[in-house]
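Scroll down for the structure; my scribbles are underneath it.
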Amino acid sequence: MVTALVPGAIFLGVAATVFAAFYAVWSSLNRRATARVTSLADRLNRAGIGMKPQEIVLTVASAVAIVWISLVFTLHTGLLTSLIMLPIIAGTGAFGFYAFVGFKIRRRLDAFGAQLEPAMHLMAGGLRVGLALRQALAIVIDELPDPARYEFRRVVGQANLGASVYDAMDSMAERMPSHESLMIARVFRVQSETGGDLARILDQLADTIKDRRHVGRKVAALTAEGRMSAWVLMLIPVALGAFIDLTQPDMAHAVIYTWIGHIVLVVILLLEFFAYIWLRNLLKVNV
């Protein structure tokens with residue numbers, strides 16, 4: 001009787017072990033996925049993209065699938081080559097999407113930074129004529145376009161929901177990270193604790209932001225030649241590949257349809273990626 005129950009006990013033990021392992025792995029994966037989705041939502045909000053993270057993931061996955069299927073049918077690749085191409089295309093699609101979001105974030109942050117100087121002058125003028133801080137923020141909302149209008153409207157909205165204006169300014173500095181927004185949040189926080197003429201402080205802060213942007217434009221002008229040289233270096237392999245494709249069809253066919261050619265293409269793409277990272281860090285200047 002006991003011997004007959006041994007296989008069932010072994011099966012239950014193995015099943016319980018597998019279930020516990022799956023539950024532990026699933027919990028970890030679920031936490032990581034939730035953190036990634038939250039981070040993606042923050043980046044989309046910072047970039048001013050109204051789509052949800054789930055919609056973005058579905059769109060990118062669909063685009064990757066369409067490109068992969070099109071390349072498989074166009075190049076008539078084998079099963080192993082097709083399976084190798086899939087993660088490469090998926091990685092390229094994810095990198096391209098993150099690069100696009102990063103570009104949108106940088107452009108929106110630059111536009112927001114350019115609006116901070118007039119925003120400080122508008123707030124200082126409103127405070128001088130006797131308006132309260134929320135009313136001065138309302139002037140900024142009425143006079144400036146997006147993204148300053150949207151961000152300062154969120155500040156006023158959070159204040160209307162019960163948060164302090166200073167906490168709302170700290171949240172704005174987190175959403176739109178820059179030295180200027182951080183200075184503004186700290187100025188409001190320190191002034192609320194120590195007191196003083198906030199209008200005069202905001203005017204001085206606007207002058208500081210103006211001077212910082214002037215230095216930033218000067219740095220951009222001085223490094224323009226280096227950035228153009230970096231783009232030329234990045235485009236030389238692409239131009240060389242196009243020239244070979246036009247003038248040497250046999251060599252282009254070998255690169256596209258042979259294993260050695262595929263390896264060469266992968267190595268070139270990796271070298272291009274590392275060159276881009278290196279040149280970007282080399283030309284990066286913090287002001």
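By order in the structure tokens, chains are A, B, ...; within a chain, residues start at 1; ligands start at 1, following the order shown.
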Would you list the contacts of Tyr257 of chain A as a CSV table (one decimal) with N, CA and C atoms, in the first residue's frame, taking every protein, DNA or RNA residue within 10 Å and counting only C-alpha atoms, but skipping same-chain residues closer than 6 positions in sequence?
```csv
chain,number,residue,atom,x,y,z
A,75,LEU,N,14.5,38.3,-48.6
A,75,LEU,CA,15.9,37.8,-48.7
A,75,LEU,C,15.9,36.3,-48.9
A,76,HIS,N,14.8,35.6,-48.6
A,76,HIS,CA,14.7,34.2,-48.7
A,76,HIS,C,15.7,33.5,-47.8
A,77,THR,N,15.8,33.9,-46.6
A,77,THR,CA,16.8,33.4,-45.6
A,77,THR,C,16.3,32.0,-45.1
```
- prompt: Ala252 of chain A: which residues within 12 Å, counting only C-alpha atoms, same-chain residues fewer than 3 positions away excluded, as a ChimeraX atom specification?
  reply: /A:240-249,255-258,260-262,264-265
Test item: residues at most 12 Å from Tyr150 of chain A, only C-alpha atoms, excluding those fewer than 6 positions along its chain, as a list in words: Asn45, Arg46, Gly48, Arg108, Phe112, Gln115, Leu137, Ala138, Val140, Ile141, Asp142, Glu143, Leu144, Val156, Gly157, Met172, Arg175 and Met176 of chain A
query: Could you work out how far atom CA of Leu40 of chain A lies from atom CA of Asn160 of chain A, giving the answer in Å with one decimal?
result: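 Separation between atom CA of Asn160 of chain A and atom CA of Leu40 of chain A: 27.3 Å.
Among the candidate residues A:Leu235, A:Leu109, A:Val37, A:Met120, the one lying nearest to Asp146 of chain A is A:Leu109, with distances computed using only C-alpha atoms.
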